[in-house]
$ cat upload.cif   # mmCIF, C-alpha atoms
data_upload
#
loop_
_atom_site.label_atom_id
_atom_site.label_comp_id
_atom_site.auth_asym_id
_atom_site.auth_seq_id
_atom_site.Cartn_x
_atom_site.Cartn_y
_atom_site.Cartn_z
CA MET A 246 13.23 18.79 13.96
CA THR A 247 16.98 18.67 13.46
CA SER A 248 18.44 15.29 12.59
CA ASP A 249 20.82 14.15 15.33
CA VAL A 250 23.19 11.53 13.99
CA SER A 251 24.65 10.95 17.46
CA HIS A 252 21.85 8.58 18.49
CA GLU A 253 23.22 5.18 19.46
CA PRO A 254 20.09 3.30 20.59
CA ALA A 255 20.41 0.26 22.76
CA ALA A 256 19.26 -3.06 21.37
CA PHE A 257 15.67 -2.65 20.25
CA ASN A 258 12.91 -4.07 22.39
CA PRO A 259 9.78 -4.02 20.17
CA LEU A 260 7.50 -3.70 23.21
CA GLU A 261 9.41 -0.88 24.91
CA GLY A 262 7.21 2.19 25.21
CA VAL A 263 4.21 0.47 23.61
CA ASP A 264 0.79 0.74 25.26
CA GLU A 265 -2.07 -1.77 25.23
CA ASN A 266 -3.37 -0.31 21.95
CA GLY A 267 -0.10 -0.96 20.16
CA ARG A 268 0.88 2.72 20.23
CA MET A 269 4.58 3.49 20.62
CA GLU A 270 5.89 6.49 22.53
CA PRO A 271 7.27 9.25 20.29
CA LYS A 272 10.99 9.01 19.54
CA HIS A 273 13.84 11.00 18.06
CA TYR A 274 14.43 9.83 14.48
CA ASP A 275 17.30 10.59 12.13
CA ALA A 276 15.56 9.92 8.81
CA ILE A 277 12.44 8.67 7.05
CA LEU A 278 12.55 5.63 4.77
CA LEU A 279 10.00 5.62 1.96
CA ALA A 280 9.77 1.90 1.14
CA SER A 281 8.06 0.57 -1.96
CA PHE A 282 7.77 -2.39 -4.32
CA GLY A 283 10.02 -1.16 -7.11
CA GLY A 284 9.80 -1.73 -10.84
CA PRO A 285 11.89 -2.06 -14.03
CA GLU A 286 13.14 1.01 -15.83
CA GLY A 287 13.92 -0.49 -19.24
CA GLN A 288 13.34 -3.58 -21.37
CA GLU A 289 16.51 -5.28 -20.10
CA ASP A 290 15.34 -4.85 -16.51
CA VAL A 291 12.01 -6.63 -16.91
CA ILE A 292 12.96 -10.29 -16.49
CA PRO A 293 15.56 -9.64 -13.73
CA PHE A 294 12.93 -7.62 -11.89
CA LEU A 295 10.35 -10.39 -12.21
CA ARG A 296 12.94 -12.90 -10.99
CA ASN A 297 13.34 -10.78 -7.86
CA VAL A 298 9.59 -10.62 -7.34
CA THR A 299 9.16 -14.39 -7.70
CA ALA A 300 12.42 -15.46 -6.02
CA GLY A 301 12.21 -18.91 -4.44
CA ARG A 302 9.17 -20.03 -6.42
CA GLY A 303 11.04 -21.72 -9.26
CA ILE A 304 9.11 -19.94 -12.02
CA PRO A 305 10.89 -20.31 -15.40
CA ASP A 306 11.67 -17.27 -17.53
CA GLU A 307 9.22 -18.31 -20.24
CA ARG A 308 6.36 -17.96 -17.74
CA LEU A 309 7.76 -14.68 -16.47
CA GLU A 310 7.75 -13.43 -20.06
CA GLU A 311 3.96 -13.83 -20.09
CA VAL A 312 3.71 -11.29 -17.28
CA ALA A 313 6.44 -9.18 -18.86
CA THR A 314 4.11 -8.23 -21.72
CA HIS A 315 2.48 -5.66 -19.44
CA TYR A 316 5.83 -3.94 -18.98
CA ARG A 317 6.99 -4.53 -22.57
CA ALA A 318 3.97 -2.60 -23.81
CA ASN A 319 5.15 0.36 -21.70
CA GLY A 320 8.73 0.32 -22.98
CA GLY A 321 9.83 -2.00 -20.17
CA ILE A 322 9.25 0.80 -17.68
CA SER A 323 7.06 0.60 -14.62
CA PRO A 324 5.60 3.97 -13.63
CA ILE A 325 6.12 3.22 -9.94
CA ASN A 326 9.70 4.46 -9.63
CA ALA A 327 8.93 7.85 -11.19
CA GLN A 328 5.89 8.08 -8.95
CA ASN A 329 7.98 7.37 -5.87
CA ARG A 330 10.54 9.99 -6.89
CA ALA A 331 7.67 12.47 -7.15
CA LEU A 332 6.26 11.35 -3.79
CA LYS A 333 9.69 11.64 -2.16
CA ALA A 334 10.04 15.21 -3.46
CA ALA A 335 6.52 16.07 -2.29
CA LEU A 336 7.24 14.69 1.18
CA GLU A 337 10.46 16.66 1.38
CA ALA A 338 8.62 19.85 0.43
CA GLU A 339 5.87 19.27 3.02
CA LEU A 340 8.39 18.46 5.75
CA GLU A 341 10.30 21.64 4.93
CA ARG A 342 7.07 23.64 4.96
CA ARG A 343 6.37 22.37 8.49
CA GLY A 344 9.92 22.90 9.70
CA VAL A 345 10.54 19.18 10.22
CA GLU A 346 14.20 18.59 9.34
CA LEU A 347 14.21 14.89 8.53
CA PRO A 348 15.83 13.58 5.34
CA VAL A 349 13.72 11.24 3.19
CA LEU A 350 15.43 8.08 1.98
CA TRP A 351 13.88 5.83 -0.67
CA GLY A 352 14.32 2.07 -0.99
CA ASN A 353 12.58 -0.73 -2.91
CA ARG A 354 11.98 -4.38 -2.16
CA ASN A 355 12.48 -5.64 -5.72
CA TRP A 356 14.54 -3.13 -7.70
CA ALA A 357 17.08 -0.35 -7.30
CA PRO A 358 17.46 1.51 -5.08
CA TYR A 359 17.37 -1.66 -2.97
CA ILE A 360 16.44 -1.43 0.71
CA LYS A 361 19.64 -3.26 1.68
CA ASP A 362 21.85 -0.62 0.04
CA VAL A 363 19.81 2.24 1.46
CA LEU A 364 20.16 0.85 5.00
CA GLN A 365 23.92 0.57 4.63
CA ASP A 366 24.19 4.08 3.22
CA ALA A 367 22.03 5.38 6.06
CA TYR A 368 24.27 3.81 8.68
CA ASP A 369 27.42 5.04 6.95
CA THR A 370 25.95 8.55 6.96
CA GLY A 371 25.55 8.30 10.72
CA TYR A 372 21.85 7.60 11.02
CA ARG A 373 20.90 5.25 13.81
CA ARG A 374 17.11 5.42 14.07
CA ILE A 375 14.82 5.43 11.01
CA LEU A 376 11.05 5.59 10.62
CA MET A 377 9.65 3.67 7.66
CA VAL A 378 6.63 4.70 5.59
CA THR A 379 5.51 2.13 3.00
CA THR A 380 3.37 2.59 -0.10
CA SER A 381 1.14 -0.34 0.91
CA VAL A 382 -1.65 0.67 3.24
CA TYR A 383 -3.70 -2.43 4.15
CA SER A 384 -3.01 -5.41 6.40
CA SER A 385 -1.86 -8.60 4.73
CA TYR A 386 1.33 -10.58 4.37
CA SER A 387 2.40 -8.93 1.11
CA SER A 388 1.35 -5.41 2.05
CA CYS A 389 2.73 -5.25 5.59
CA ARG A 390 4.57 -8.21 7.06
CA GLN A 391 6.69 -8.79 3.95
CA TYR A 392 8.04 -5.26 4.25
CA ARG A 393 8.84 -5.91 7.90
CA GLU A 394 10.58 -9.14 6.90
CA ASP A 395 12.62 -7.42 4.20
CA LEU A 396 13.84 -4.89 6.73
CA GLY A 397 14.61 -7.60 9.26
CA MET A 398 16.50 -9.80 6.82
CA ASN A 399 18.46 -6.90 5.34
CA LEU A 400 19.48 -5.62 8.75
CA LEU A 401 20.92 -9.09 9.37
CA LYS A 402 22.58 -9.30 5.93
CA THR A 403 24.29 -5.94 6.39
CA GLY A 404 25.36 -6.71 9.94
CA LEU A 405 23.35 -3.73 11.15
CA ASP A 406 21.13 -5.65 13.54
CA LYS A 407 21.25 -3.90 16.94
CA LYS A 408 23.15 -1.01 15.28
CA LEU A 409 20.43 0.55 13.14
CA GLN A 410 16.87 0.68 14.45
CA VAL A 411 13.96 0.84 12.01
CA ASP A 412 10.41 1.48 13.18
CA LYS A 413 7.34 1.69 10.96
CA VAL A 414 4.30 3.97 10.85
CA ARG A 415 0.91 2.32 11.27
CA GLN A 416 -1.03 0.92 8.32
CA TYR A 417 -2.95 3.99 7.21
CA PHE A 418 -5.84 2.54 5.20
CA ASP A 419 -8.42 4.68 7.00
CA HIS A 420 -6.36 7.82 7.60
CA PRO A 421 -8.15 10.88 6.13
CA GLY A 422 -5.08 11.63 4.03
CA PHE A 423 -5.58 8.38 2.11
CA VAL A 424 -9.38 8.26 2.07
CA GLU A 425 -10.30 11.85 1.22
CA PRO A 426 -8.66 11.88 -2.24
CA PHE A 427 -10.88 8.91 -3.12
CA VAL A 428 -13.96 10.77 -1.88
CA GLU A 429 -13.06 13.61 -4.23
CA GLY A 430 -12.32 11.20 -7.08
CA VAL A 431 -15.50 9.16 -6.74
CA ARG A 432 -17.63 12.30 -6.64
CA GLU A 433 -16.03 13.55 -9.86
CA SER A 434 -16.22 10.16 -11.60
CA VAL A 435 -19.91 9.74 -10.81
CA ALA A 436 -20.52 13.12 -12.45
CA LYS A 437 -18.43 12.14 -15.49
CA VAL A 438 -20.28 8.85 -15.98
CA ARG A 439 -23.62 10.65 -15.71
CA GLU A 440 -22.43 13.08 -18.38
CA GLN A 441 -21.45 10.17 -20.63
CA LEU A 442 -24.88 8.60 -20.19
CA GLU A 443 -26.70 11.86 -20.84
CA ALA A 444 -24.67 12.30 -24.03
CA ARG A 445 -26.11 8.95 -25.11
CA GLY A 446 -29.59 10.10 -24.26
CA ILE A 447 -29.79 8.04 -21.07
CA THR A 448 -31.03 10.47 -18.42
CA ASP A 449 -31.81 8.01 -15.63
CA GLY A 450 -29.07 5.45 -16.17
CA LYS A 451 -28.08 3.08 -13.40
CA ILE A 452 -24.49 3.44 -12.16
CA GLU A 453 -22.54 0.97 -10.04
CA ILE A 454 -19.28 1.65 -8.23
CA LEU A 455 -16.57 -1.03 -8.21
CA PHE A 456 -13.94 -0.65 -5.50
CA SER A 457 -10.96 -2.61 -6.78
CA THR A 458 -7.95 -3.96 -4.92
CA HIS A 459 -5.21 -6.53 -5.40
CA SER A 460 -6.42 -10.09 -5.01
CA ILE A 461 -4.42 -12.26 -2.62
CA PRO A 462 -4.63 -15.97 -1.77
CA THR A 463 -7.66 -16.69 0.39
CA ALA A 464 -5.41 -18.30 3.02
CA ASP A 465 -3.34 -15.10 3.26
CA ALA A 466 -6.51 -13.05 3.55
CA GLU A 467 -7.71 -15.23 6.43
CA ALA A 468 -4.32 -14.84 8.14
CA SER A 469 -4.32 -11.05 7.81
CA GLY A 470 -4.57 -8.89 10.88
CA PRO A 471 -3.90 -9.79 14.51
CA ARG A 472 -5.07 -13.12 15.87
CA ASP A 473 -6.81 -11.57 18.89
CA ARG A 474 -9.44 -9.71 16.83
CA GLU A 475 -12.37 -10.82 14.70
CA PHE A 476 -13.03 -9.23 11.32
CA GLU A 477 -15.78 -9.09 8.73
CA GLU A 478 -15.39 -11.94 6.22
CA GLY A 479 -12.80 -13.39 8.63
CA SER A 480 -10.11 -11.15 7.15
CA ALA A 481 -8.60 -7.84 8.22
CA TYR A 482 -7.60 -7.22 4.60
CA VAL A 483 -11.17 -7.59 3.33
CA ALA A 484 -12.71 -5.82 6.33
CA GLN A 485 -10.46 -2.79 5.93
CA HIS A 486 -11.40 -2.38 2.26
CA LEU A 487 -15.11 -2.78 2.98
CA ALA A 488 -14.94 -0.26 5.82
CA ASN A 489 -13.12 2.23 3.59
CA ALA A 490 -15.64 1.81 0.79
CA ARG A 491 -18.49 2.53 3.22
CA ALA A 492 -16.64 5.56 4.60
CA ILE A 493 -16.24 6.93 1.07
CA MET A 494 -19.86 6.31 0.10
CA ASP A 495 -21.10 7.94 3.30
CA ARG A 496 -19.24 11.12 2.37
CA ILE A 497 -20.73 11.50 -1.13
CA PRO A 498 -24.38 12.59 -1.16
CA GLU A 499 -24.30 12.46 -4.97
CA ALA A 500 -23.70 8.72 -4.75
CA ALA A 501 -26.57 8.01 -2.37
CA GLY A 502 -28.54 4.99 -3.52
CA LEU A 503 -25.88 3.76 -5.94
CA ASP A 504 -24.92 0.09 -5.68
CA TRP A 505 -21.30 -0.75 -5.03
CA GLN A 506 -19.15 -3.81 -4.45
CA LEU A 507 -15.58 -4.78 -3.60
CA VAL A 508 -13.81 -6.53 -6.48
CA TYR A 509 -10.33 -7.85 -7.08
CA GLN A 510 -7.64 -7.68 -9.74
CA SER A 511 -4.11 -8.78 -10.62
CA ARG A 512 -4.52 -12.42 -9.62
CA SER A 513 -1.43 -14.55 -10.17
CA GLY A 514 -0.14 -17.94 -9.06
CA ALA A 515 -1.30 -21.50 -9.59
CA PRO A 516 -4.92 -21.83 -10.75
CA HIS A 517 -5.75 -24.45 -8.11
CA ILE A 518 -4.98 -22.06 -5.22
CA PRO A 519 -8.06 -20.04 -4.15
CA TRP A 520 -7.72 -16.26 -4.37
CA LEU A 521 -10.13 -13.51 -3.37
CA GLU A 522 -12.97 -13.00 -5.85
CA PRO A 523 -14.80 -11.71 -7.84
CA ASP A 524 -12.33 -10.60 -10.48
CA ILE A 525 -13.18 -7.11 -11.70
CA ASN A 526 -13.77 -8.23 -15.28
CA ASP A 527 -16.15 -10.96 -14.15
CA ALA A 528 -18.00 -8.42 -12.03
CA ILE A 529 -18.27 -6.00 -14.95
CA ALA A 530 -19.59 -8.77 -17.21
CA GLU A 531 -22.55 -9.28 -14.86
CA LEU A 532 -23.60 -5.62 -14.74
CA PRO A 533 -25.69 -5.37 -17.95
CA ALA A 534 -28.00 -8.15 -16.72
CA LYS A 535 -28.58 -6.03 -13.59
CA GLY A 536 -29.64 -3.08 -15.71
CA VAL A 537 -26.44 -1.14 -15.06
CA ASN A 538 -25.50 1.46 -17.68
CA GLY A 539 -22.39 3.00 -16.19
CA VAL A 540 -19.43 2.04 -14.01
CA VAL A 541 -17.11 3.95 -11.71
CA ILE A 542 -13.88 2.03 -11.07
CA VAL A 543 -12.07 2.97 -7.86
CA PRO A 544 -8.49 1.65 -7.35
CA LEU A 545 -9.04 1.56 -3.59
CA GLY A 546 -6.12 -0.76 -2.89
CA PHE A 547 -3.40 1.45 -4.41
CA VAL A 548 -1.61 4.71 -3.65
CA SER A 549 -0.41 5.48 -7.20
CA ASP A 550 -1.10 4.75 -10.87
CA HIS A 551 1.48 1.99 -11.25
CA MET A 552 1.45 -0.86 -13.76
CA GLU A 553 -1.35 -2.88 -12.20
CA VAL A 554 -3.61 0.16 -12.31
CA LEU A 555 -2.64 1.11 -15.85
CA TRP A 556 -2.89 -2.42 -17.24
CA ASP A 557 -5.54 -4.22 -15.18
CA LEU A 558 -7.89 -1.25 -14.84
CA ASP A 559 -7.15 1.31 -17.56
CA THR A 560 -6.58 -1.36 -20.20
CA GLU A 561 -8.35 -4.63 -19.42
CA ALA A 562 -11.25 -3.43 -17.26
CA MET A 563 -11.97 -0.39 -19.43
CA ASP A 564 -11.86 -2.61 -22.53
CA THR A 565 -14.45 -4.88 -20.90
CA CYS A 566 -16.68 -1.87 -20.22
CA LYS A 567 -16.32 -0.74 -23.83
CA GLU A 568 -17.18 -4.19 -25.19
CA LEU A 569 -20.34 -4.24 -23.09
CA GLY A 570 -21.33 -0.69 -23.99
CA LEU A 571 -20.99 0.60 -20.44
CA ALA A 572 -20.11 4.20 -19.72
CA ALA A 573 -17.09 4.16 -17.42
CA ASP A 574 -14.56 6.27 -15.57
CA ARG A 575 -11.61 5.33 -13.37
CA THR A 576 -10.90 7.54 -10.37
CA PRO A 577 -7.33 8.69 -9.65
CA THR A 578 -5.16 7.14 -6.97
CA PRO A 579 -3.89 9.51 -4.22
CA GLY A 580 -0.47 9.86 -5.94
CA ILE A 581 0.93 13.18 -4.79
CA HIS A 582 -2.44 14.74 -3.92
CA ASP A 583 -1.81 17.46 -1.33
CA THR A 584 -4.13 15.76 1.18
CA PHE A 585 -2.32 12.44 0.82
CA VAL A 586 1.15 13.94 1.17
CA SER A 587 0.05 15.97 4.17
CA GLY A 588 -1.45 12.82 5.70
CA LEU A 589 1.83 10.91 5.34
CA VAL A 590 3.68 13.68 7.14
CA ASP A 591 1.01 13.59 9.85
CA LEU A 592 1.75 9.87 10.24
CA VAL A 593 5.43 10.68 10.67
CA GLN A 594 4.70 13.39 13.23
CA GLU A 595 2.54 10.97 15.24
CA ARG A 596 5.79 9.18 15.98
CA THR A 597 8.34 11.96 16.37
CA ALA A 598 9.25 13.44 19.74
CA GLU A 599 9.73 16.87 18.16
CA ASN A 600 6.82 18.46 16.25
CA ASN A 601 4.60 15.70 17.63
CA ILE A 602 0.96 15.33 16.59
CA ALA A 603 -0.97 13.60 19.37
CA ASP A 604 -4.24 13.13 17.47
CA ARG A 605 -4.54 9.92 15.45
CA PRO A 606 -7.53 10.21 13.11
CA ALA A 607 -9.21 7.14 11.60
CA LEU A 608 -12.33 7.19 9.43
CA THR A 609 -13.44 3.64 10.26
CA ALA A 610 -14.10 1.80 13.50
CA LEU A 611 -11.19 -0.53 12.72
CA GLY A 612 -8.52 2.09 13.32
CA PRO A 613 -6.31 3.72 14.18
CA TRP A 614 -4.07 0.73 13.46
CA TYR A 615 -1.08 -0.41 15.50
CA ASP A 616 2.40 1.14 15.51
CA VAL A 617 3.74 -2.25 16.57
CA CYS A 618 2.04 -5.24 14.98
CA ARG A 619 0.42 -7.76 17.28
CA PRO A 620 1.90 -11.29 17.67
CA GLY A 621 1.17 -13.43 14.61
CA CYS A 622 -0.27 -10.51 12.67
CA CYS A 623 -0.47 -11.24 8.91
CA ALA A 624 1.40 -14.51 9.41
CA ASN A 625 3.79 -15.81 6.78
CA LEU A 626 2.17 -19.15 5.94
CA ARG A 627 5.30 -20.30 4.12
CA GLY A 628 7.52 -20.03 7.18
CA GLU A 629 8.61 -17.43 9.69
CA LYS A 630 11.34 -14.92 8.84
CA PRO A 631 13.07 -12.20 10.85
CA THR A 632 10.93 -9.07 11.20
CA ILE A 633 10.96 -5.56 12.58
CA ALA A 634 8.14 -3.47 14.08
CA GLY A 635 6.21 -6.36 15.60
CA ALA A 636 5.55 -7.62 19.10
CA ASP A 637 7.01 -10.93 17.90
CA SER A 638 10.01 -9.36 16.13
CA THR A 639 13.33 -11.17 16.35
CA VAL A 640 15.68 -8.54 14.90
CA GLY A 641 17.30 -6.17 17.36
CA VAL A 642 16.14 -8.21 20.34
CA GLU A 643 18.71 -9.47 22.84
#
$ encode --input "upload.cif" --output "structure tokens"
Amino acid sequence: MTSDVSHEPAAFNPLEGVDENGRMEPKHYDAILLASFGGPEGQEDVIPFLRNVTAGRGIPDERLEEVATHYRANGGISPINAQNRALKAALEAELERRGVELPVLWGNRNWAPYIKDVLQDAYDTGYRRILMVTTSVYSSYSSCRQYREDLGMNLLKTGLDKKLQVDKVRQYFDHPGFVEPFVEGVRESVAKVREQLEARGITDGKIEILFSTHSIPTADAEASGPRDREFEEGSAYVAQHLANARAIMDRIPEAAGLDWQLVYQSRSGAPHIPWLEPDINDAIAELPAKGVNGVVIVPLGFVSDHMEVLWDLDTEAMDTCKELGLAADRTPTPGIHDTFVSGLVDLVQERTAENNIADRPALTALGPWYDVCRPGCCANLRGEKPTIAGADSTVGVE
């Protein structure tokens, strides 16, 4: 596809060309926006970055410094920016391989390159219609709607509302491109843990698989997903993870009969506010009493090995396993796995008029998810903000 910078779309109607399943008709796009969380790239960046992340919450710097220790221990550098540069390059290579001539832009919510600046540069370049791919794959306020809000607010701040249209690919939690690398990783990790146990002389050791994801406030979990659907545990966020875990286990004969559970990590915020549980370290602490000898830790909620994977799993969780004498292995995140990168380009081609892919695979009964989010989906419980890519969007609507 050749980028056509002459597109001057009319004011965006979020329901135009959308069917009853939330699927949008393919369009002509000028560029792809890879949108991510962002992270510091040096010791001096750490506190300013954390101020961005916690903006509006009134958290003093001394409390932010407690969280900063994770970054300080890594030279003040979050791995996420380097990972996104690698992902951007991999996407560009796959697009070129397929003959899809769309430039890939990269913007972050909380650190440079900021989404606001990328939008302005895109418009100045002549782009008028952009398709966003985020590095958060599940449905919740922080992993979907907050991205849509950031785009909406920044289109208003730049004065680009009704001038620059930004659509978004569907949440791709159960797309084969995201799930299959975990299938491969779990299979390999189970074998590694069995090898560790055999080296200790334990030939019939019991192994449990812990699928780990970011904890979120219980209220946000209950508000995740569209209001016109019911979900397991009353939460689209939880239901999507559980469905993915089952899909992975069903594809690994070597793991047949192994116990598994969904656990959570990276809790933050006031102690009196309920968050999803159990915490991964609490779950690990209970395993010896169940006769478990080995653990496979699966970072199911994440696309790359960023700080929360390196610290909360590779450091804290693995330390807990070591203290308890448990054999353990952590599976890789998709990162720039060929299957993952190919899957992201498939998601783009679902939406493009040229080089279109009509098939929309989903490995769970919950998907494929919506191109345009349903009204009230993943509601912001702290107050509504302008959004894009939703049936209740307010940006670009006349």
$ closest_residue --input "upload.cif" --among "A:Ala300, A:Val590, A:Ala280, A:Cys622" --to "A:Ala357" --atoms "only C-alpha atoms"
A:Ala280
$ residues_around --input "upload.cif" --residues "A:Asn353" --least-positions-apart "2" --cutoff "10 Å" --atoms "all atoms listed in the file" --output "ChimeraX atom specification"
/A:278-284,326,329,351,355-363,379,392,395
$ resolve_selection --input "upload.cif" --expression "the PyMOL selection byres ((chain A and resi 318-322) around 8)" --output "PyMOL selection string"
chain A and resi 284-291+314-317+323-324
$ write_last_selection --input "upload.cif" --atoms "C-alpha atoms" --output "PDB file, in the frame of the given file"
ATOM      1  CA  GLY A 284       9.800  -1.730 -10.840  1.00  0.00           C
ATOM      2  CA  PRO A 285      11.890  -2.060 -14.030  1.00  0.00           C
ATOM      3  CA  GLU A 286      13.140   1.010 -15.830  1.00  0.00           C
ATOM      4  CA  GLY A 287      13.920  -0.490 -19.240  1.00  0.00           C
ATOM      5  CA  GLN A 288      13.340  -3.580 -21.370  1.00  0.00           C
ATOM      6  CA  GLU A 289      16.510  -5.280 -20.100  1.00  0.00           C
ATOM      7  CA  ASP A 290      15.340  -4.850 -16.510  1.00  0.00           C
ATOM      8  CA  VAL A 291      12.010  -6.630 -16.910  1.00  0.00           C
ATOM      9  CA  THR A 314       4.110  -8.230 -21.720  1.00  0.00           C
ATOM     10  CA  HIS A 315       2.480  -5.660 -19.440  1.00  0.00           C
ATOM     11  CA  TYR A 316       5.830  -3.940 -18.980  1.00  0.00           C
ATOM     12  CA  ARG A 317       6.990  -4.530 -22.570  1.00  0.00           C
ATOM     13  CA  SER A 323       7.060   0.600 -14.620  1.00  0.00           C
ATOM     14  CA  PRO A 324       5.600   3.970 -13.630  1.00  0.00           C
TER      15      PRO A 324
END
$ closest_residue --input "upload.cif" --among "A:Ser549, A:Ser388, A:Ser480, A:Gln410" --to "A:Phe585" --atoms "all atoms listed in the file"
A:Ser549
$ residues_around --input "upload.cif" --residues "stretch 330-344 of chain A" --least-positions-apart "6" --cutoff "10 Å" --atoms "only C-alpha atoms" --output "list in words"
Met246, Thr247, Ile277, Leu278, Leu279, Leu350, Trp351, Thr380, Ser549, Gly580, Ile581, His582, Asp583, Phe585, Val586, Ser587, Gly588, Leu589, Val590, Asp591, Val593, Gln594 and Asn600 of chain A
